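Have a look at protein_20.txt below; it lists compact mmCIF, C-alpha atoms and all ligand atoms.
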# COMPACT_ATOMS: atom_id res chain seq x y z
CA MET A 1401 -75.23 -13.11 -48.09
CA ASN A 1402 -74.53 -9.34 -48.27
CA VAL A 1403 -74.59 -6.85 -45.41
CA GLU A 1404 -77.80 -4.86 -46.01
CA ALA A 1405 -77.75 -2.48 -43.04
CA ILE A 1406 -76.13 -1.91 -39.67
CA THR A 1407 -77.98 0.03 -36.99
CA LEU A 1408 -76.24 1.67 -34.03
CA ARG A 1409 -78.28 2.32 -30.91
CA HIS A 1410 -77.00 4.35 -27.99
CA LEU A 1411 -78.62 2.80 -24.89
CA ARG A 1412 -78.93 3.93 -21.30
CA MET A 1413 -79.96 1.44 -18.62
CA ARG A 1414 -80.61 2.39 -15.02
CA LEU A 1415 -78.89 0.11 -12.50
CA LYS A 1416 -80.99 -1.23 -9.62
CA SER A 1417 -78.42 0.22 -7.24
CA PRO A 1418 -75.35 2.41 -7.81
CA PHE A 1419 -72.03 0.67 -8.51
CA GLU A 1420 -68.92 2.28 -7.01
CA THR A 1421 -65.35 1.41 -7.95
CA SER A 1422 -62.02 3.11 -7.26
CA PHE A 1423 -62.67 5.38 -10.28
CA GLY A 1424 -66.15 6.56 -9.36
CA ARG A 1425 -69.80 5.77 -8.79
CA ILE A 1426 -72.29 5.07 -11.57
CA HIS A 1427 -76.07 4.96 -11.36
CA GLY A 1428 -76.65 3.67 -14.86
CA ARG A 1429 -74.87 2.12 -17.74
CA GLU A 1430 -74.57 3.28 -21.31
CA CYS A 1431 -73.48 1.14 -24.25
CA ILE A 1432 -74.01 0.73 -28.01
CA LEU A 1433 -76.20 -2.03 -29.39
CA LEU A 1434 -75.40 -3.06 -32.95
CA GLU A 1435 -77.98 -4.65 -35.26
CA LEU A 1436 -76.52 -6.21 -38.39
CA ARG A 1437 -78.91 -7.25 -41.16
CA ALA A 1438 -78.15 -9.73 -43.94
CA ASP A 1439 -80.35 -12.19 -45.82
CA GLY A 1440 -83.41 -11.63 -43.64
CA LEU A 1441 -81.45 -12.33 -40.44
CA THR A 1442 -80.39 -9.90 -37.69
CA GLY A 1443 -77.22 -10.27 -35.64
CA TYR A 1444 -76.82 -8.33 -32.38
CA GLY A 1445 -73.66 -7.07 -30.77
CA GLU A 1446 -72.95 -5.04 -27.64
CA CYS A 1447 -70.13 -2.51 -27.48
CA VAL A 1448 -69.26 -2.24 -23.78
CA ALA A 1449 -67.66 1.22 -23.82
CA ASP A 1450 -69.41 3.36 -21.18
CA ARG A 1451 -70.34 7.06 -21.23
CA ASP A 1452 -67.18 8.17 -19.40
CA PRO A 1453 -63.51 7.28 -20.06
CA TRP A 1454 -62.94 5.89 -16.54
CA TYR A 1455 -62.43 2.16 -16.90
CA SER A 1456 -61.01 2.63 -20.41
CA TYR A 1457 -60.22 5.49 -22.80
CA GLU A 1458 -63.05 4.26 -25.02
CA THR A 1459 -66.47 5.83 -24.56
CA VAL A 1460 -69.83 5.58 -26.30
CA GLY A 1461 -68.77 8.69 -28.24
CA THR A 1462 -65.42 7.33 -29.44
CA ALA A 1463 -66.91 3.93 -30.31
CA TRP A 1464 -69.80 5.53 -32.22
CA HIS A 1465 -67.31 7.48 -34.31
CA ILE A 1466 -64.98 4.54 -34.98
CA LEU A 1467 -67.90 2.26 -35.89
CA LYS A 1468 -69.71 4.78 -38.09
CA ASP A 1469 -66.69 6.26 -39.87
CA HIS A 1470 -64.13 3.44 -39.96
CA LEU A 1471 -65.32 -0.07 -39.12
CA ILE A 1472 -68.81 -0.22 -40.67
CA PRO A 1473 -68.44 1.51 -44.10
CA PRO A 1474 -66.15 -1.19 -45.60
CA LEU A 1475 -68.75 -3.86 -44.70
CA LEU A 1476 -71.91 -2.29 -46.20
CA GLY A 1477 -73.19 -4.04 -49.34
CA GLN A 1478 -70.33 -6.55 -49.18
CA PRO A 1479 -70.51 -10.30 -48.50
CA LEU A 1480 -70.81 -11.02 -44.77
CA PRO A 1481 -67.22 -11.44 -43.52
CA SER A 1482 -66.24 -14.16 -41.07
CA PRO A 1483 -65.17 -12.77 -37.66
CA GLU A 1484 -61.57 -13.57 -38.61
CA ASP A 1485 -61.78 -11.72 -41.96
CA PHE A 1486 -63.44 -8.78 -40.26
CA GLN A 1487 -60.54 -8.59 -37.76
CA ALA A 1488 -57.98 -8.78 -40.55
CA GLY A 1489 -59.70 -5.85 -42.30
CA ALA A 1490 -60.03 -3.86 -39.05
CA ALA A 1491 -56.39 -4.36 -38.09
CA GLY A 1492 -55.51 -1.03 -39.72
CA VAL A 1493 -57.58 0.78 -37.08
CA ARG A 1494 -55.34 1.15 -34.05
CA GLY A 1495 -56.84 0.36 -30.65
CA HIS A 1496 -60.60 0.88 -30.12
CA ASN A 1497 -60.99 -2.72 -29.06
CA MET A 1498 -64.47 -2.27 -27.62
CA ALA A 1499 -65.77 -0.85 -30.90
CA LYS A 1500 -64.26 -3.78 -32.82
CA ALA A 1501 -65.58 -6.34 -30.34
CA GLY A 1502 -69.14 -5.00 -30.54
CA LEU A 1503 -69.22 -5.39 -34.31
CA GLU A 1504 -67.50 -8.77 -34.18
CA MET A 1505 -70.15 -10.00 -31.73
CA ALA A 1506 -72.90 -9.09 -34.21
CA LEU A 1507 -71.05 -11.07 -36.90
CA TRP A 1508 -70.80 -14.11 -34.63
CA ASP A 1509 -74.52 -13.84 -33.79
CA LEU A 1510 -75.63 -13.51 -37.39
CA SER A 1511 -73.38 -16.26 -38.76
CA GLY A 1512 -74.42 -18.55 -35.88
CA LYS A 1513 -78.08 -17.97 -36.71
CA ALA A 1514 -77.38 -18.69 -40.39
CA ALA A 1515 -75.56 -21.92 -39.46
CA GLY A 1516 -78.16 -22.90 -36.83
CA LYS A 1517 -75.43 -23.23 -34.19
CA PRO A 1518 -75.09 -21.67 -30.73
CA LEU A 1519 -72.10 -19.40 -30.12
CA ALA A 1520 -70.66 -21.57 -27.33
CA ALA A 1521 -70.39 -24.58 -29.64
CA ARG A 1522 -68.72 -22.52 -32.37
CA LEU A 1523 -66.16 -21.13 -29.93
CA GLY A 1524 -65.33 -24.58 -28.55
CA GLY A 1525 -67.38 -24.47 -25.36
CA VAL A 1526 -67.60 -27.67 -23.34
CA ARG A 1527 -70.09 -26.88 -20.56
CA ALA A 1528 -73.84 -26.29 -20.42
CA THR A 1529 -73.58 -24.22 -17.23
CA VAL A 1530 -70.75 -22.03 -15.99
CA PRO A 1531 -69.70 -21.13 -12.43
CA VAL A 1532 -70.35 -17.47 -11.64
CA GLY A 1533 -69.84 -14.90 -8.91
CA VAL A 1534 -70.93 -11.38 -8.09
CA SER A 1535 -68.89 -8.17 -8.09
CA ILE A 1536 -69.85 -5.81 -5.25
CA GLY A 1537 -69.04 -2.11 -5.32
CA LEU A 1538 -67.62 0.03 -2.52
CA GLN A 1539 -70.11 0.64 0.31
CA GLU A 1540 -70.30 3.32 2.99
CA SER A 1541 -68.95 1.05 5.73
CA ALA A 1542 -67.57 -2.43 6.35
CA ALA A 1543 -70.81 -3.32 8.14
CA ALA A 1544 -72.88 -2.28 5.11
CA LEU A 1545 -70.61 -4.32 2.86
CA VAL A 1546 -70.89 -7.45 5.05
CA LYS A 1547 -74.67 -7.08 4.92
CA ILE A 1548 -74.72 -6.91 1.13
CA VAL A 1549 -72.33 -9.85 0.83
CA ALA A 1550 -74.67 -11.80 3.15
CA SER A 1551 -77.63 -11.08 0.89
CA TYR A 1552 -75.77 -12.34 -2.20
CA VAL A 1553 -74.53 -15.44 -0.37
CA GLU A 1554 -78.12 -16.02 0.73
CA SER A 1555 -79.31 -15.83 -2.88
CA GLY A 1556 -76.76 -18.49 -3.88
CA TYR A 1557 -73.51 -16.80 -4.99
CA ARG A 1558 -70.51 -18.82 -3.85
CA ARG A 1559 -67.86 -16.41 -5.15
CA VAL A 1560 -67.73 -12.72 -4.29
CA LYS A 1561 -65.49 -9.96 -5.62
CA LEU A 1562 -65.02 -6.78 -3.58
CA LYS A 1563 -64.00 -3.47 -5.09
CA ILE A 1564 -61.19 -1.80 -3.16
CA LYS A 1565 -59.27 1.49 -3.21
CA PRO A 1566 -56.62 3.09 -0.98
CA GLY A 1567 -58.02 3.44 2.53
CA GLN A 1568 -60.83 0.99 1.80
CA ASP A 1569 -59.03 -2.28 1.26
CA VAL A 1570 -57.61 -4.67 3.86
CA GLY A 1571 -60.16 -3.64 6.51
CA LEU A 1572 -63.08 -4.38 4.20
CA ALA A 1573 -61.67 -7.70 3.03
CA ARG A 1574 -60.90 -8.72 6.62
CA ALA A 1575 -64.45 -7.91 7.75
CA VAL A 1576 -65.94 -10.00 4.95
CA ARG A 1577 -63.47 -12.83 5.52
CA SER A 1578 -64.26 -13.06 9.23
CA ALA A 1579 -68.01 -13.13 8.54
CA PHE A 1580 -67.57 -15.74 5.74
CA PRO A 1581 -64.51 -17.90 6.50
CA ASP A 1582 -65.11 -20.31 3.58
CA LEU A 1583 -66.39 -17.97 0.88
CA ALA A 1584 -64.42 -17.82 -2.39
CA LEU A 1585 -63.32 -14.18 -2.19
CA GLN A 1586 -61.29 -11.83 -4.39
CA VAL A 1587 -60.65 -8.08 -4.69
CA ASP A 1588 -60.37 -5.62 -7.59
CA ALA A 1589 -58.57 -2.25 -7.33
CA ASN A 1590 -59.06 -1.02 -10.92
CA SER A 1591 -55.51 0.42 -11.02
CA ALA A 1592 -55.89 2.56 -7.86
CA TYR A 1593 -52.42 1.88 -6.40
CA THR A 1594 -48.78 2.60 -7.17
CA LEU A 1595 -46.03 0.16 -6.31
CA GLU A 1596 -45.39 2.26 -3.17
CA SER A 1597 -49.01 2.56 -2.00
CA ALA A 1598 -49.60 -1.12 -2.78
CA GLU A 1599 -47.48 -1.87 0.30
CA ALA A 1600 -50.81 -1.51 2.13
CA LEU A 1601 -52.11 -4.59 0.29
CA LEU A 1602 -49.49 -7.02 1.60
CA PRO A 1603 -51.66 -8.10 4.60
CA LEU A 1604 -54.25 -9.41 2.10
CA ASP A 1605 -51.96 -12.44 1.87
CA ASP A 1606 -53.37 -13.65 5.21
CA LEU A 1607 -56.99 -13.67 4.03
CA GLY A 1608 -56.97 -16.62 1.66
CA LEU A 1609 -58.12 -14.66 -1.39
CA LEU A 1610 -58.45 -16.28 -4.82
CA LEU A 1611 -56.70 -13.32 -6.43
CA ILE A 1612 -56.00 -9.57 -6.35
CA GLU A 1613 -57.19 -7.93 -9.57
CA GLN A 1614 -55.42 -5.04 -11.32
CA PRO A 1615 -53.81 -3.25 -8.35
CA LEU A 1616 -51.52 -1.01 -10.46
CA ALA A 1617 -51.70 1.11 -13.61
CA GLU A 1618 -52.91 -0.51 -16.79
CA ASP A 1619 -49.71 0.25 -18.69
CA ASP A 1620 -47.46 -1.03 -15.93
CA LEU A 1621 -46.63 -4.70 -16.35
CA TRP A 1622 -43.21 -4.30 -14.78
CA ASP A 1623 -44.38 -2.98 -11.42
CA HIS A 1624 -47.04 -5.68 -11.30
CA ARG A 1625 -44.14 -8.10 -11.57
CA GLN A 1626 -42.39 -6.41 -8.63
CA LEU A 1627 -45.56 -6.56 -6.57
CA GLN A 1628 -46.32 -10.18 -7.47
CA SER A 1629 -42.86 -11.18 -6.25
CA ARG A 1630 -43.86 -9.89 -2.78
CA LEU A 1631 -47.31 -11.52 -2.64
CA ARG A 1632 -48.31 -15.17 -2.28
CA THR A 1633 -51.82 -14.34 -3.51
CA PRO A 1634 -51.98 -14.43 -7.32
CA ILE A 1635 -52.27 -11.11 -9.12
CA CYS A 1636 -54.88 -11.17 -11.87
CA LEU A 1637 -54.70 -8.61 -14.67
CA ASP A 1638 -57.76 -6.99 -16.24
CA GLU A 1639 -57.16 -3.51 -17.75
CA SER A 1640 -53.49 -4.30 -18.60
CA ILE A 1641 -54.34 -7.13 -20.99
CA THR A 1642 -55.58 -5.78 -24.32
CA SER A 1643 -54.23 -8.47 -26.68
CA PRO A 1644 -52.98 -12.06 -26.75
CA ARG A 1645 -49.45 -10.66 -26.93
CA HIS A 1646 -49.85 -8.75 -23.67
CA ALA A 1647 -51.31 -11.84 -22.04
CA ARG A 1648 -48.29 -13.90 -23.07
CA GLN A 1649 -45.81 -11.25 -21.96
CA ALA A 1650 -47.53 -10.70 -18.60
CA LEU A 1651 -47.42 -14.42 -17.84
CA GLU A 1652 -43.84 -14.80 -19.07
CA MET A 1653 -42.57 -11.96 -16.89
CA GLU A 1654 -44.73 -13.14 -13.93
CA ALA A 1655 -46.57 -9.83 -13.72
CA ALA A 1656 -49.67 -11.96 -13.05
CA ARG A 1657 -50.64 -15.61 -12.59
CA ILE A 1658 -54.28 -15.28 -13.64
CA ILE A 1659 -56.02 -13.38 -16.46
CA ASN A 1660 -59.47 -11.82 -16.49
CA ILE A 1661 -60.73 -12.16 -20.07
CA LYS A 1662 -63.23 -9.62 -21.39
CA ALA A 1663 -63.94 -9.86 -25.09
CA GLY A 1664 -64.62 -6.10 -25.26
CA ARG A 1665 -61.28 -5.14 -23.75
CA VAL A 1666 -59.25 -7.42 -26.05
CA GLY A 1667 -61.04 -6.58 -29.32
CA GLY A 1668 -63.51 -9.43 -29.61
CA LEU A 1669 -64.34 -13.06 -29.04
CA SER A 1670 -61.61 -14.23 -31.44
CA ALA A 1671 -58.88 -12.53 -29.39
CA ALA A 1672 -60.57 -13.65 -26.16
CA ARG A 1673 -60.43 -17.24 -27.36
CA ALA A 1674 -56.77 -16.83 -28.40
CA ILE A 1675 -55.91 -15.63 -24.87
CA HIS A 1676 -57.84 -18.56 -23.43
CA ASP A 1677 -55.88 -20.95 -25.64
CA LEU A 1678 -52.48 -19.61 -24.72
CA CYS A 1679 -53.28 -19.49 -21.00
CA ARG A 1680 -54.57 -23.05 -21.16
CA ALA A 1681 -51.36 -24.17 -22.86
CA THR A 1682 -49.29 -22.65 -20.05
CA GLY A 1683 -51.64 -23.71 -17.24
CA ALA A 1684 -52.65 -20.16 -16.22
CA PRO A 1685 -56.27 -20.03 -15.01
CA VAL A 1686 -58.64 -17.56 -16.69
CA TRP A 1687 -62.13 -16.30 -15.91
CA CYS A 1688 -64.67 -14.17 -17.72
CA GLY A 1689 -64.91 -10.56 -16.58
CA GLY A 1690 -68.02 -8.42 -16.82
CA MET A 1691 -68.88 -4.89 -17.95
CA LEU A 1692 -72.41 -4.71 -16.51
CA GLU A 1693 -73.67 -5.96 -19.85
CA THR A 1694 -77.25 -6.10 -21.04
CA GLY A 1695 -78.70 -9.54 -21.80
CA VAL A 1696 -76.96 -9.40 -25.21
CA GLY A 1697 -73.43 -9.09 -23.84
CA ARG A 1698 -74.27 -11.46 -20.98
CA ALA A 1699 -75.21 -14.18 -23.49
CA SER A 1700 -71.83 -13.67 -25.20
CA ASN A 1701 -69.96 -13.86 -21.87
CA LEU A 1702 -71.74 -17.09 -20.93
CA ALA A 1703 -70.79 -18.67 -24.27
CA LEU A 1704 -67.15 -17.61 -23.85
CA ALA A 1705 -67.01 -18.90 -20.27
CA ALA A 1706 -68.09 -22.34 -21.52
CA LEU A 1707 -64.55 -22.89 -22.90
CA PRO A 1708 -62.54 -25.45 -20.90
CA GLY A 1709 -59.83 -23.10 -19.56
CA PHE A 1710 -62.34 -20.85 -17.73
CA THR A 1711 -61.73 -22.65 -14.45
CA LEU A 1712 -62.53 -19.74 -12.10
CA PRO A 1713 -66.05 -18.28 -11.63
CA GLY A 1714 -66.85 -15.31 -13.86
CA ASP A 1715 -68.26 -11.84 -13.12
CA ILE A 1716 -71.44 -12.97 -14.86
CA SER A 1717 -74.26 -12.50 -12.42
CA ALA A 1718 -77.96 -13.17 -12.90
CA SER A 1719 -80.00 -10.58 -14.83
CA ASP A 1720 -81.80 -9.47 -11.65
CA ARG A 1721 -78.52 -8.25 -10.12
CA TYR A 1722 -78.27 -5.41 -12.64
CA TYR A 1723 -81.34 -3.76 -14.17
CA GLU A 1724 -85.03 -3.28 -13.41
CA GLU A 1725 -85.69 -3.94 -17.08
CA ASP A 1726 -83.32 -5.65 -19.50
CA ILE A 1727 -83.56 -5.48 -23.29
CA THR A 1728 -83.62 -9.23 -23.89
CA VAL A 1729 -86.68 -11.42 -23.48
CA GLU A 1730 -84.44 -14.07 -21.90
CA ARG A 1731 -83.51 -13.62 -18.24
CA PHE A 1732 -80.42 -15.32 -16.86
CA ILE A 1733 -81.06 -16.88 -13.49
CA LEU A 1734 -78.71 -18.22 -10.85
CA ASN A 1735 -78.85 -21.98 -10.28
CA PRO A 1736 -78.55 -23.30 -6.71
CA ASP A 1737 -74.96 -24.40 -7.41
CA SER A 1738 -73.87 -20.81 -8.27
CA THR A 1739 -73.89 -21.43 -12.02
CA ILE A 1740 -75.80 -19.93 -14.95
CA GLY A 1741 -76.90 -21.84 -18.04
CA VAL A 1742 -75.17 -21.18 -21.35
CA PRO A 1743 -77.64 -20.15 -24.08
CA ALA A 1744 -78.34 -23.07 -26.40
CA ALA A 1745 -80.24 -21.43 -29.29
CA PRO A 1746 -78.39 -20.43 -32.50
CA GLY A 1747 -76.07 -17.42 -32.37
CA LEU A 1748 -76.12 -15.57 -29.07
CA GLY A 1749 -79.41 -17.30 -28.34
CA VAL A 1750 -81.28 -14.18 -27.25
CA THR A 1751 -84.24 -12.22 -28.60
CA LEU A 1752 -84.83 -8.52 -28.07
CA ASP A 1753 -87.84 -7.02 -26.30
CA PRO A 1754 -88.81 -4.16 -28.68
CA ALA A 1755 -90.64 -2.10 -26.06
CA ALA A 1756 -87.81 -2.35 -23.52
CA LEU A 1757 -85.31 -1.57 -26.26
CA ALA A 1758 -87.25 1.53 -27.28
CA ARG A 1759 -87.33 2.74 -23.67
CA ALA A 1760 -83.55 2.31 -23.34
CA THR A 1761 -82.66 3.98 -26.66
CA LEU A 1762 -81.27 7.54 -26.55
CA ASP A 1763 -80.23 7.73 -30.20
CA SER A 1764 -80.02 5.51 -33.24
CA LEU A 1765 -78.47 5.56 -36.69
CA VAL A 1766 -79.10 3.27 -39.66
CA LEU A 1767 -76.16 2.79 -42.03
CA LYS A 1768 -76.85 1.37 -45.49
CA PRO A 1769 -74.79 0.81 -48.67
O1 LIG A 1801 -70.57 -7.14 -15.01
O2 LIG A 1801 -70.95 -7.84 -12.99
C1 LIG A 1801 -70.38 -7.11 -13.80
C2 LIG A 1801 -69.37 -6.11 -13.27
C3 LIG A 1801 -68.04 -6.73 -12.99
O3 LIG A 1801 -66.65 -5.48 -11.53
C4 LIG A 1801 -66.98 -5.70 -12.66
N1 LIG A 1801 -66.42 -5.06 -13.70
O4 LIG A 1801 -63.05 -3.92 -13.42
O5 LIG A 1801 -63.82 -5.88 -13.54
C5 LIG A 1801 -64.01 -4.67 -13.51
C6 LIG A 1801 -65.39 -4.07 -13.58
C7 LIG A 1801 -65.47 -3.14 -14.75
C8 LIG A 1801 -66.78 -2.50 -14.94
S1 LIG A 1801 -66.99 -1.16 -13.91
C9 LIG A 1801 -68.24 -0.25 -14.67
MG MG A 1802 -61.59 -5.51 -13.06
Kindly present the structure from the file in structure tokens form.
Ligand code: SMG
Ligand code: MG
Amino acid sequence: MNVEAITLRHLRMRLKSPFETSFGRIHGRECILLELRADGLTGYGECVADRDPWYSYETVGTAWHILKDHLIPPLLGQPLPSPEDFQAGAAGVRGHNMAKAGLEMALWDLSGKAAGKPLAARLGGVRATVPVGVSIGLQESAAALVKIVASYVESGYRRVKLKIKPGQDVGLARAVRSAFPDLALQVDANSAYTLESAEALLPLDDLGLLLIEQPLAEDDLWDHRQLQSRLRTPICLDESITSPRHARQALEMEAARIINIKAGRVGGLSAARAIHDLCRATGAPVWCGGMLETGVGRASNLALAALPGFTLPGDISASDRYYEEDITVERFILNPDSTIGVPAAPGLGVTLDPAALARATLDSLVLKP
């Protein structure tokens, strides 16, 4: 089975409502969809790098370049590599984890379709549904935030994550906590604090939060350790963890007690599973993060979250939380118990809606041997 062609598509999807984090407000989401063709089958992958280098240094532009000029050429016309062999070959490319993960996802999808097996089963998933939550952006006031939280709780979400930044942190969390005393609640700062300014977060310890996500800089494990030693609430790392090695070191130095796993950030599902395995061996809980994925990436996240160590609800909300129109035919819906079903068809288990895909496509490029 040789790789016949790989198509890159630059997509833009308009969000139903803007999403604001400590690094800025976005109205839409851009990403790269990969289509890998071999032996009459097509495998899809989603590269989660966004238009701007805010969450990560990777962008659609950098990922396009790395895919087109470095990761894809060695594959064209060659036998379809396993995800592991692909990673071994790509190891010479430093960084660019989101580009690698997008291509690896397409390999998992295609090989799963060829084998007739769903992704979750191939990764070692053990559940048919996974617990999920919703991540809510910064709002103009605490009252507006409480109202939005109420609407998500009403629609069935039992775990809510609030975005915070300096000046909009403890007050917001306190307002939501007093309106919802029993809600599973957590916050995410996306690296907006320094060890000094994080002093302001200490009162969060009284609010019974599940975790505080990525308060400090992504390259600063040591200060996360200092901060964790002053907090009872577990720190969870997101941006800081880009490899299994970082995950191990962060846990060993007690820079965090929980890890948010995103396949895109760590270079693919193989590395995501390796982080899951090592956290499980040490008893550290993990959960699946989200990058406002299309239905393609959402299917991958659901399969990953089916692994046994994903004991906390993921940032994997129902399709209707994100886009007016998604590119997959399948829609992911929230069950009454705040779970979403894991796709059961071979590969990622999703099919693309050609008309919706055409409407979302800004640019495309077909690469052949
Ligand atoms: O996919 O529901 C989702 C979004 C979850 O908050 C979310 N992701 O730092 O964890 C995070 C952010 C990163 C994406 S911001 C564009
Ligand atoms: Mg985060």
Just want the residues within 10 Å of ligand MG 1802 (chain A), written as a ChimeraX atom specification, counting all atoms listed in the file. /A:1421,1455,1535,1561,1563,1587-1591,1612-1615,1636-1640,1660-1662,1689-1691,1715
Requested write-out: C-alpha atoms of the selected residues, as a tab-separated table (two decimals), in the coordinates of the input:
chain	number	residue	atom	x	y	z
A	1421	THR	CA	-65.35	1.41	-7.95
A	1455	TYR	CA	-62.43	2.16	-16.90
A	1535	SER	CA	-68.89	-8.17	-8.09
A	1561	LYS	CA	-65.49	-9.96	-5.62
A	1563	LYS	CA	-64.00	-3.47	-5.09
A	1587	VAL	CA	-60.65	-8.08	-4.69
A	1588	ASP	CA	-60.37	-5.62	-7.59
A	1589	ALA	CA	-58.57	-2.25	-7.33
A	1590	ASN	CA	-59.06	-1.02	-10.92
A	1591	SER	CA	-55.51	0.42	-11.02
A	1612	ILE	CA	-56.00	-9.57	-6.35
A	1613	GLU	CA	-57.19	-7.93	-9.57
A	1614	GLN	CA	-55.42	-5.04	-11.32
A	1615	PRO	CA	-53.81	-3.25	-8.35
A	1636	CYS	CA	-54.88	-11.17	-11.87
A	1637	LEU	CA	-54.70	-8.61	-14.67
A	1638	ASP	CA	-57.76	-6.99	-16.24
A	1639	GLU	CA	-57.16	-3.51	-17.75
A	1640	SER	CA	-53.49	-4.30	-18.60
A	1660	ASN	CA	-59.47	-11.82	-16.49
A	1661	ILE	CA	-60.73	-12.16	-20.07
A	1662	LYS	CA	-63.23	-9.62	-21.39
A	1689	GLY	CA	-64.91	-10.56	-16.58
A	1690	GLY	CA	-68.02	-8.42	-16.82
A	1691	MET	CA	-68.88	-4.89	-17.95
A	1715	ASP	CA	-68.26	-11.84	-13.12
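Counting only C-alpha atoms and comparing A:Gly1571, A:Pro1746, A:Gly1667, A:Pro1736, the residue that lies closest to Val1553 of chain A is A:Pro1736.
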In file coordinates, which residues lie within 7 Å of (-64.1, -15.8, -10.9) using all atoms listed in the file, given as a PyMOL selection string? chain A and resi 1532-1533+1559+1687+1712-1715
Would you kindly return, as a PyMOL selection string, each protein, DNA or RNA residue with an atom no farther than 12 Å from any atom of segment 1719-1730 of chain A, considering only C-alpha atoms and excluding same-chain residues fewer than 6 positions away? chain A and resi 1411-1419+1427-1429+1433+1444+1446+1533-1536+1548+1551-1552+1555+1557+1690-1699+1740-1745+1748-1761
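Residue nearest Val1576 of chain A, chosen from A:His1624, A:Lys1513, A:Arg1527, A:Lys1547 and counting all atoms listed in the file: A:Lys1547.
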Do a neighbour search on Leu1480 of chain A at 10 Å with only C-alpha atoms, toss out local chain neighbours closer than 2 positions, and write the hits as a ChimeraX atom specification. /A:1401-1404,1436-1439,1475-1478,1482-1483,1485-1486,1507,1510-1511
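Counting from atom CA of Glu1540 of chain A, the distance to atom CA of Ser1456 of chain A is 25.2 Å.
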For Lys1468 of chain A, which residue among A:Ala1544, A:Leu1767, A:Ala1650, A:Leu1585 is the nearest when counting only C-alpha atoms? A:Leu1767
Is it possible to get the axis-aligned box enclosing ligand LIG 1801 (chain A) (all listed atoms, 5 Å extra per side) as AutoDock Vina command-line options, with centre and edge lengths in Å rounded to one decimal?
--center_x -67.0 --center_y -4.0 --center_z -13.3 --size_x 17.9 --size_y 17.6 --size_z 13.5
